Every structure is written in structure tokens, then in C-alpha cells.
Amino acid sequence: MKTLKNNLDKTFPSSKFLFSEVTAYLQKFGRQTYGQHFTIIEEDYETIYKLFVYFYQDEEKAEKLNIKLHKGIFLTGPIGCGKTTLMNLLKHIHPPHKQYVMVPTRKIAYEFAEHGIKIFYKYTAQSFRAIGSEVQPRAYCFDDLGVETSLPHYGANLNVMAEILLSRYDYYLSHQMLTFVTTNLAANEIENIYGNRVRSRLREMTNLFSFMGSFDKRN
């Protein structure tokens, strides 16, 4: 296990971070947060390494790995592989004013059923915050895309996540608004549920990271 960590350090050397060091920190932080059962397994190293490159904004490594630092993240993998847990931990690499907000897509569906269209604006046009004298777009991580149900609001049905993602794409172009997504859906399933337009825009505004070789760690 240590050998693979060290090999990754040697493959992409940089002053930004050493993979062996940051994984040790992440595991310690993960155990403090989730309990002693939390473990980073070797099968996930490559994906986690790429995520570190992204969150540390390491331009040299990102160029070699074809990671676009101005885009968001689309993190896919099987149920229980640790996508949500990892994204909850990695957001703390950023300073507080740059951290994204984790929100389950099921919660958004229920919010829409209760409050209607204003929930759409909460995650789009109103997704800005004041940082000192500047107004910056707020980054959200939409967790478990695809498990939400399209619930009606007074008889009005809306694929609220599709509309939110399409609108955030427009703000990505105009205001560099970042969007993060976790899902166990494949690309064709994204298209079937949300349409080809959403699939295309997600491809343009996010980097794809995959845990497809992983397994359900809840067993």
C-alpha cells in the first residue's frame, strides 16, 4: 500500500502536495468524523489522487492528467463506494469562503414539493454570496443525482434537478459558477432521466471522476 502511494508521488512530483501525506491526513480526519472503520483503500487511490490534484488546484499535475481546474466535478461510482463521504471530507481542503455546500437531491425534490418554484431560484439565480466587497457564485455539490423523485407542487410537475443543472450551466458560462455532482448513474441513464441537453452540459462544465472499479463499502 505504501509503495503505490510513493509511486504516485514520484510519477507527478510537485511542491503542491505529497499524496502519501495528504492521504494520511484524510484518513485521520475521516476517522475523527466517521469513526475508526473509515479506511482509504488502494483500489481508490487513482481517483482520490486526481481529486486531490483538483482541490489543491495543482496546475502542473492537472495538465498532465487532463483535469480542467475551472470546471466542477462529476463523481460517479456504485452505491456505497464512498462518494458522499469523500466529497464531505474534501470540501474542507478549501478555505471556508470557497467551500461548496453538500445537498442531497432528494432534499431538493421535497423542498420543491413544499415550496414550489422558489426552490429552483435558491440553487440558481440566488446562488451567490457576498465575500467582502465582492459577490461570488456559490458552489453546490448535488449528492446522489438520480435518486430524487419528481414530486408535484400543487399539480405542477417539474424535473427540478434538470432545470437547476441547465440554469447553473448558464451561470457557469457567465459567472464561473461551479457545480459538483455525485451519482451512481451511467451517462446513458443521465440522458434518459434528464435529457441529452443536461448530459451535454454536464460534460462541458464538469470533470468526470469515476469509482467504477470500487465496491460497496457498507458491507
# chains A, B, ... in the order shown; residues from 1 in each chain; ligands from 1

call {"tool": "residues_around", "arguments": {"residues": "region 40-57 of chain A", "least_positions_apart": "4", "cutoff": "7 Å", "atoms": "only C-alpha atoms", "output": "number ranges by chain"}}
result
A: 1, 19, 27, 61-62, 69, 93, 209-211, 214

call {"tool": "select_by_dssp", "arguments": {"residues": "region 33-203 of chain A", "states": "helix (DSSP H, G or I)", "output": "JSON, numbers by chain"}}
result
{"A": [33, 34, 42, 43, 44, 45, 46, 47, 48, 49, 50, 51, 52, 53, 54, 55, 59, 60, 61, 62, 63, 64, 65, 83, 84, 85, 86, 87, 88, 89, 90, 91, 92, 93, 96, 97, 98, 105, 106, 107, 108, 109, 110, 111, 112, 113, 114, 115, 118, 119, 120, 121, 122, 160, 161, 162, 163, 164, 165, 166, 167, 168, 169, 170, 171, 172, 173, 174, 175, 187, 188, 189, 190, 191, 192, 193, 194, 196, 197, 198, 199, 200, 201, 202, 203]}

call {"tool": "residues_around", "arguments": {"residues": "region 75-92 of chain A", "least_positions_apart": "5", "cutoff": "9 Å", "atoms": "only C-alpha atoms", "output": "MDAnalysis selection string"}}
result
chainID A and resid 26 29:30 33:34 48 51:52 55 98:102 141 143:144 180:186 207:219

call {"tool": "select_by_dssp", "arguments": {"residues": "region 4-172 of chain A", "states": "strand (DSSP E)", "output": "list in words"}}
result
Gly72, Ile73, Phe74, Leu75, Thr76, Val101, Met102, Val103, Pro104, Phe128, Arg129, Ala130, Ile131, Glu134, Val135, Gln136, Pro137, Tyr140, Cys141, Phe142 and Asp143 of chain A

call {"tool": "atom_distance", "arguments": {"atom1": "CA of Ile108 (chain A)", "atom2": "CA of Met205 (chain A)"}}
result
20.8 Å

call {"tool": "closest_residue", "arguments": {"among": "A:Leu178, A:Glu111, A:Ile193, A:Val160", "to": "Lys68 (chain A)", "atoms": "only C-alpha atoms"}}
result
A:Leu178

call {"tool": "residues_around", "arguments": {"residues": "region 119-134 of chain A", "least_positions_apart": "5", "cutoff": "9 Å", "atoms": "only C-alpha atoms", "output": "list in words"}}
result
His97, Ile108, Glu111, Phe112, Ala139, Tyr140, Val160, Met161, Glu163, Ile164, Leu165, Ser167, Arg168, Tyr171 and Met177 of chain A

call {"tool": "decode", "arguments": {"residues": "region 64-206 of chain A", "atoms": "C-alpha atoms", "output": "PDB file, in the first residue's frame"}}
result
ATOM      1  CA  LYS A  64      -0.763  16.023 -17.266  1.00  0.00           C
ATOM      2  CA  LEU A  65      -3.963  14.331 -16.115  1.00  0.00           C
ATOM      3  CA  ASN A  66      -6.253  16.398 -18.381  1.00  0.00           C
ATOM      4  CA  ILE A  67      -8.136  17.880 -15.417  1.00  0.00           C
ATOM      5  CA  LYS A  68      -9.719  21.268 -16.055  1.00  0.00           C
ATOM      6  CA  LEU A  69      -9.391  23.303 -12.867  1.00  0.00           C
ATOM      7  CA  HIS A  70     -12.012  25.854 -13.953  1.00  0.00           C
ATOM      8  CA  LYS A  71     -14.695  23.153 -14.178  1.00  0.00           C
ATOM      9  CA  GLY A  72     -16.660  21.392 -11.446  1.00  0.00           C
ATOM     10  CA  ILE A  73     -16.760  17.675 -10.618  1.00  0.00           C
ATOM     11  CA  PHE A  74     -18.983  14.804 -11.742  1.00  0.00           C
ATOM     12  CA  LEU A  75     -18.141  11.901  -9.421  1.00  0.00           C
ATOM     13  CA  THR A  76     -19.671   8.559 -10.332  1.00  0.00           C
ATOM     14  CA  GLY A  77     -19.441   5.084  -8.851  1.00  0.00           C
ATOM     15  CA  PRO A  78     -21.501   2.196  -7.453  1.00  0.00           C
ATOM     16  CA  ILE A  79     -23.751   2.521  -4.426  1.00  0.00           C
ATOM     17  CA  GLY A  80     -21.810   2.582  -1.171  1.00  0.00           C
ATOM     18  CA  CYS A  81     -18.350   3.194  -2.685  1.00  0.00           C
ATOM     19  CA  GLY A  82     -17.843   6.358  -0.598  1.00  0.00           C
ATOM     20  CA  LYS A  83     -18.636   9.221  -2.979  1.00  0.00           C
ATOM     21  CA  THR A  84     -20.636  11.253  -0.450  1.00  0.00           C
ATOM     22  CA  THR A  85     -18.204  10.592   2.390  1.00  0.00           C
ATOM     23  CA  LEU A  86     -15.237  11.643   0.291  1.00  0.00           C
ATOM     24  CA  MET A  87     -16.849  14.833  -1.004  1.00  0.00           C
ATOM     25  CA  ASN A  88     -17.838  15.768   2.543  1.00  0.00           C
ATOM     26  CA  LEU A  89     -14.213  15.432   3.618  1.00  0.00           C
ATOM     27  CA  LEU A  90     -12.555  17.041   0.601  1.00  0.00           C
ATOM     28  CA  LYS A  91     -14.534  20.256   0.836  1.00  0.00           C
ATOM     29  CA  HIS A  92     -12.511  21.116   3.952  1.00  0.00           C
ATOM     30  CA  ILE A  93      -9.349  21.398   1.846  1.00  0.00           C
ATOM     31  CA  HIS A  94     -10.761  24.729   0.672  1.00  0.00           C
ATOM     32  CA  PRO A  95     -10.916  27.769   2.967  1.00  0.00           C
ATOM     33  CA  PRO A  96     -14.430  28.340   4.401  1.00  0.00           C
ATOM     34  CA  HIS A  97     -15.403  31.052   1.896  1.00  0.00           C
ATOM     35  CA  LYS A  98     -14.639  28.693  -1.018  1.00  0.00           C
ATOM     36  CA  GLN A  99     -16.241  25.534   0.316  1.00  0.00           C
ATOM     37  CA  TYR A 100     -19.141  24.027  -1.576  1.00  0.00           C
ATOM     38  CA  VAL A 101     -22.420  23.126   0.093  1.00  0.00           C
ATOM     39  CA  MET A 102     -23.459  19.466   0.111  1.00  0.00           C
ATOM     40  CA  VAL A 103     -27.172  18.949  -0.554  1.00  0.00           C
ATOM     41  CA  PRO A 104     -28.936  15.628  -1.311  1.00  0.00           C
ATOM     42  CA  THR A 105     -31.049  15.766  -4.455  1.00  0.00           C
ATOM     43  CA  ARG A 106     -33.883  14.051  -2.551  1.00  0.00           C
ATOM     44  CA  LYS A 107     -33.963  17.062  -0.228  1.00  0.00           C
ATOM     45  CA  ILE A 108     -34.317  19.393  -3.213  1.00  0.00           C
ATOM     46  CA  ALA A 109     -37.214  17.332  -4.576  1.00  0.00           C
ATOM     47  CA  TYR A 110     -39.032  17.574  -1.240  1.00  0.00           C
ATOM     48  CA  GLU A 111     -38.259  21.282  -0.998  1.00  0.00           C
ATOM     49  CA  PHE A 112     -39.862  21.805  -4.402  1.00  0.00           C
ATOM     50  CA  ALA A 113     -42.933  19.801  -3.413  1.00  0.00           C
ATOM     51  CA  GLU A 114     -43.362  22.041  -0.357  1.00  0.00           C
ATOM     52  CA  HIS A 115     -42.246  25.464  -1.592  1.00  0.00           C
ATOM     53  CA  GLY A 116     -42.533  25.344  -5.371  1.00  0.00           C
ATOM     54  CA  ILE A 117     -40.514  27.251  -7.955  1.00  0.00           C
ATOM     55  CA  LYS A 118     -38.656  29.450  -5.462  1.00  0.00           C
ATOM     56  CA  ILE A 119     -36.522  26.393  -4.647  1.00  0.00           C
ATOM     57  CA  PHE A 120     -35.290  26.456  -8.243  1.00  0.00           C
ATOM     58  CA  TYR A 121     -34.065  30.038  -7.736  1.00  0.00           C
ATOM     59  CA  LYS A 122     -32.418  29.118  -4.422  1.00  0.00           C
ATOM     60  CA  TYR A 123     -29.914  26.954  -6.288  1.00  0.00           C
ATOM     61  CA  THR A 124     -29.549  29.164  -9.377  1.00  0.00           C
ATOM     62  CA  ALA A 125     -30.209  32.930  -9.556  1.00  0.00           C
ATOM     63  CA  GLN A 126     -29.933  33.315  -5.770  1.00  0.00           C
ATOM     64  CA  SER A 127     -26.854  31.116  -5.538  1.00  0.00           C
ATOM     65  CA  PHE A 128     -24.467  33.986  -4.810  1.00  0.00           C
ATOM     66  CA  ARG A 129     -22.886  35.275  -1.624  1.00  0.00           C
ATOM     67  CA  ALA A 130     -21.019  38.375  -0.535  1.00  0.00           C
ATOM     68  CA  ILE A 131     -17.322  37.864   0.250  1.00  0.00           C
ATOM     69  CA  GLY A 132     -16.063  41.195   1.498  1.00  0.00           C
ATOM     70  CA  SER A 133     -16.877  43.707  -1.220  1.00  0.00           C
ATOM     71  CA  GLU A 134     -17.320  41.010  -3.883  1.00  0.00           C
ATOM     72  CA  VAL A 135     -20.290  38.858  -4.840  1.00  0.00           C
ATOM     73  CA  GLN A 136     -19.247  35.343  -5.751  1.00  0.00           C
ATOM     74  CA  PRO A 137     -21.230  32.353  -7.071  1.00  0.00           C
ATOM     75  CA  ARG A 138     -21.974  29.658  -4.519  1.00  0.00           C
ATOM     76  CA  ALA A 139     -20.788  26.148  -5.319  1.00  0.00           C
ATOM     77  CA  TYR A 140     -23.108  23.255  -4.539  1.00  0.00           C
ATOM     78  CA  CYS A 141     -22.476  19.524  -4.544  1.00  0.00           C
ATOM     79  CA  PHE A 142     -25.706  17.791  -5.576  1.00  0.00           C
ATOM     80  CA  ASP A 143     -25.436  14.439  -3.863  1.00  0.00           C
ATOM     81  CA  ASP A 144     -26.928  11.214  -5.264  1.00  0.00           C
ATOM     82  CA  LEU A 145     -28.255  12.650  -8.504  1.00  0.00           C
ATOM     83  CA  GLY A 146     -30.912  10.299  -9.797  1.00  0.00           C
ATOM     84  CA  VAL A 147     -32.405   9.066  -6.517  1.00  0.00           C
ATOM     85  CA  GLU A 148     -34.758  12.050  -6.201  1.00  0.00           C
ATOM     86  CA  THR A 149     -38.381  11.734  -7.267  1.00  0.00           C
ATOM     87  CA  SER A 150     -40.150  14.353  -9.375  1.00  0.00           C
ATOM     88  CA  LEU A 151     -42.706  15.449  -6.816  1.00  0.00           C
ATOM     89  CA  PRO A 152     -45.534  17.805  -7.873  1.00  0.00           C
ATOM     90  CA  HIS A 153     -46.224  21.200  -6.314  1.00  0.00           C
ATOM     91  CA  TYR A 154     -49.967  21.958  -6.496  1.00  0.00           C
ATOM     92  CA  GLY A 155     -50.218  19.730  -9.538  1.00  0.00           C
ATOM     93  CA  ALA A 156     -47.222  21.231 -11.334  1.00  0.00           C
ATOM     94  CA  ASN A 157     -44.618  18.631 -12.266  1.00  0.00           C
ATOM     95  CA  LEU A 158     -41.067  19.766 -12.914  1.00  0.00           C
ATOM     96  CA  ASN A 159     -37.836  17.845 -13.304  1.00  0.00           C
ATOM     97  CA  VAL A 160     -36.315  20.256 -10.847  1.00  0.00           C
ATOM     98  CA  MET A 161     -32.760  18.877 -10.973  1.00  0.00           C
ATOM     99  CA  ALA A 162     -32.706  19.087 -14.776  1.00  0.00           C
ATOM    100  CA  GLU A 163     -33.812  22.725 -14.618  1.00  0.00           C
ATOM    101  CA  ILE A 164     -31.304  23.559 -11.874  1.00  0.00           C
ATOM    102  CA  LEU A 165     -28.407  21.987 -13.788  1.00  0.00           C
ATOM    103  CA  LEU A 166     -29.347  23.737 -17.036  1.00  0.00           C
ATOM    104  CA  SER A 167     -29.557  27.089 -15.271  1.00  0.00           C
ATOM    105  CA  ARG A 168     -26.289  26.585 -13.398  1.00  0.00           C
ATOM    106  CA  TYR A 169     -24.654  25.842 -16.745  1.00  0.00           C
ATOM    107  CA  ASP A 170     -25.665  29.332 -17.902  1.00  0.00           C
ATOM    108  CA  TYR A 171     -24.157  30.809 -14.725  1.00  0.00           C
ATOM    109  CA  TYR A 172     -21.048  28.692 -15.247  1.00  0.00           C
ATOM    110  CA  LEU A 173     -20.574  30.439 -18.575  1.00  0.00           C
ATOM    111  CA  SER A 174     -21.372  33.921 -17.284  1.00  0.00           C
ATOM    112  CA  HIS A 175     -20.064  33.828 -13.687  1.00  0.00           C
ATOM    113  CA  GLN A 176     -17.831  30.715 -13.445  1.00  0.00           C
ATOM    114  CA  MET A 177     -20.372  29.099 -11.105  1.00  0.00           C
ATOM    115  CA  LEU A 178     -19.057  25.666 -10.095  1.00  0.00           C
ATOM    116  CA  THR A 179     -21.265  22.608  -9.748  1.00  0.00           C
ATOM    117  CA  PHE A 180     -20.333  19.271  -8.177  1.00  0.00           C
ATOM    118  CA  VAL A 181     -22.366  16.087  -8.588  1.00  0.00           C
ATOM    119  CA  THR A 182     -22.219  12.588  -7.128  1.00  0.00           C
ATOM    120  CA  THR A 183     -24.215   9.779  -8.722  1.00  0.00           C
ATOM    121  CA  ASN A 184     -24.293   6.062  -9.420  1.00  0.00           C
ATOM    122  CA  LEU A 185     -25.883   6.690 -12.827  1.00  0.00           C
ATOM    123  CA  ALA A 186     -24.140   5.939 -16.105  1.00  0.00           C
ATOM    124  CA  ALA A 187     -24.086   8.531 -18.902  1.00  0.00           C
ATOM    125  CA  ASN A 188     -26.978   6.908 -20.788  1.00  0.00           C
ATOM    126  CA  GLU A 189     -29.051   6.860 -17.598  1.00  0.00           C
ATOM    127  CA  ILE A 190     -28.387  10.575 -17.077  1.00  0.00           C
ATOM    128  CA  GLU A 191     -29.662  11.192 -20.589  1.00  0.00           C
ATOM    129  CA  ASN A 192     -32.766   9.017 -20.092  1.00  0.00           C
ATOM    130  CA  ILE A 193     -33.760  10.806 -16.866  1.00  0.00           C
ATOM    131  CA  TYR A 194     -32.668  14.388 -17.551  1.00  0.00           C
ATOM    132  CA  GLY A 195     -32.331  14.591 -21.318  1.00  0.00           C
ATOM    133  CA  ASN A 196     -29.470  14.923 -23.778  1.00  0.00           C
ATOM    134  CA  ARG A 197     -29.132  18.656 -23.101  1.00  0.00           C
ATOM    135  CA  VAL A 198     -28.350  18.099 -19.414  1.00  0.00           C
ATOM    136  CA  ARG A 199     -25.907  15.298 -20.250  1.00  0.00           C
ATOM    137  CA  SER A 200     -24.100  17.525 -22.758  1.00  0.00           C
ATOM    138  CA  ARG A 201     -23.870  20.489 -20.390  1.00  0.00           C
ATOM    139  CA  LEU A 202     -22.645  18.368 -17.507  1.00  0.00           C
ATOM    140  CA  ARG A 203     -19.890  17.100 -19.774  1.00  0.00           C
ATOM    141  CA  GLU A 204     -18.887  20.672 -20.577  1.00  0.00           C
ATOM    142  CA  MET A 205     -18.979  22.135 -17.063  1.00  0.00           C
ATOM    143  CA  THR A 206     -17.559  19.244 -15.000  1.00  0.00           C
TER     144      THR A 206
END
